[in-house]
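Colleague: Before we start, here is the structure in question, set down as structure tokens.
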Amino acid sequence: MSSHSVGMEIVEDVVIVGAGIAGLTTSLGLHRLGIRSLVLESSEGLRITGFAFTTWENAWKALDAIGIGDSLRRQHYLLSSIVVASTVLEKPAISEMSFKGHAIRCVQRRSLLETLAKELPNGTIRFSSKVVSIDESENHFKRLHLADGAILKTKVLIGCDGVNSVVAKWLGLQNPVFSGRSAIRGNAHFKGGHGFEPKYRQFVGKGVRSGFLPCDDENVYWFFTWTPATKEEEMEDNPLKLKQLVTSKLKDTSDEMKSVIEKTLLDDIISSPLRYRKPWELLWGNISKGNVCVAGDALHPMTPDIGQGGCSALEDGVVLARCLGEALLKPGVEDEEYERIEMGLKKYGQDRKWRSFDLITTAFMVGFIQQHDGKVMSYLRDKFMLRFLSGLLLRKAGFDCGKL
């Protein structure tokens, strides 16, 4: 499995667009099976926006399948419980649920992406390579035109190029829709140690959901989701204003949460509108078509309310590498290879369709309930939702993507 050039065109077996979680996981899964791939990344280096994410058990199964679970476990705290405080009623309701028997951590994106990249053969990732268009070539090959004028041909094309995916557009999938909510995320670095217990703390109420989780001794990841007023939407690129906004909206939360935000440098704050794919689109749209498919946020952008975006991207990578490996490694006639690839990607699509549908819908519903401002909803949420939510998070994390 290799690449060669014909005239000015470079010919590859497998091209993956996007060196995010899904792209690098797929590439490493294929590498473990002895299949080479080329990963095209539009930025100059690994993108670590978003800082960190909750890694539930389903994510660890995927990380173990590609052989990097242990090194990441050593770098991150094991979280002991989730504590949810509701700030709506006169008397705040606090509910704590233990994670005993469940291995849950908050993994820094930088550590994850660097670990994935380090395991790949040199030259697998080609940076500053932005795909501008895709067209058909002879023998079912796909031709990719890059912004720098380069042209590549590939037997298999995998789009892991995020919410604004060029590959998803080519497959005919619609653009993800805006949920009406936005998220501000940050990373606070406490030199010499933060001293927090290893707990996932969440605060819900007044149309806002926020929380923080320690990643390791010195780094704490935090998030804040809300429904922005029009004037607040314009702050997206101004970290100082974002920090002030969060501080003013969270004056009723715990001193710990305030200290985490206080400690965050302006370079370590980002804001983004929360988008999701309409879930029914996955049921009748094309997750794959011929020798092309999508994975990660290009497939199932979802709101962050059940913490499964990054985790499900890891699942995608393992399932996709397995399905593609079966297709590419089976001995057979060259002519049949395209059919085998098509069947392999179809199988991947069937495998991921309902899982993606389930996660997008569940996340949307949980977000709606948690951030709804009505009195009845607040009462129900404080009485029943906290236990229900914690159980739900663990249930969704009970998924096993299997081995390579």
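Chain labels run A, B, ... following the order of the structure tokens; each chain numbers its residues from 1, and ligands are numbered from 1 in the order shown.
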Quick one: contact table of region 15-60 of chain A to region 159-177 of chain A, 10 Å max, nearest atom pair and distance in Å to one decimal per residue, counting only C-alpha atoms, chain and number order, as CSV?
Modeller:
residue,atom,partner,partner_atom,distance
A:Val15,CA,A:Gly159,CA,8.6
A:Ile16,CA,A:Gly159,CA,6.0
A:Val17,CA,A:Gly159,CA,5.0
A:Gly18,CA,A:Asp161,CA,4.5
A:Ala19,CA,A:Cys160,CA,7.4
A:Gly20,CA,A:Cys160,CA,7.1
A:Ile21,CA,A:Cys160,CA,8.4
A:Ala22,CA,A:Cys160,CA,6.0
A:Gly23,CA,A:Cys160,CA,5.2
A:Leu24,CA,A:Cys160,CA,8.9
A:Thr26,CA,A:Cys160,CA,9.2
A:Val39,CA,A:Cys160,CA,9.5
A:Leu40,CA,A:Asp161,CA,9.3
A:Glu41,CA,A:Asp161,CA,8.4
A:Ser42,CA,A:Asp161,CA,9.1
Colleague: Report as a VMD selection string: the residues of region 82-126 of chain A with a DSSP assignment of strand (DSSP E), based on the backbone of this structure.
Modeller: chain A and resid 82 to 86 93 to 98 105 to 108 125 to 126
Colleague: In terms of the shortest atom-to-atom distance over only C-alpha atoms, which of A:Ile158, A:Leu329, A:Ala62, A:Val220 is closest to Leu299 (chain A)?
Modeller: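 Closest to Leu299 (chain A) of all the choices is A:Ile158.
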Colleague: In terms of the shortest atom-to-atom distance over only C-alpha atoms, which of A:Leu392, A:Leu266, A:Leu46, A:Ile287 is closest to His189 (chain A)?
Modeller: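 Looking only at the distances to His189 (chain A), the closest residue turns out to be A:Leu266.
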Colleague: Tell me which protein, DNA and RNA residues are within 9 Å of region 110-116 of chain A, counting only C-alpha atoms, leaving out same-chain ones fewer than 6 positions away, and put them as a list in words.
Modeller: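 Counting only the stated atoms, we get Ala19, Gly20, Ile21, Leu24, Thr25, Ser27, Leu28, Leu46, Arg47, Ile48, Thr49, Phe51, Ala52, Ile68, Ser71, Leu72 and Gln75 of chain A.
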Colleague: Which of these, A:Cys323, A:Leu120, A:Val131, A:Leu213, has the shortest distance to Ser37 (chain A) once you count only C-alpha atoms?
Modeller: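 Among A:Cys323, A:Leu120, A:Val131, A:Leu213, it is A:Leu120 that comes nearest to Ser37 (chain A).
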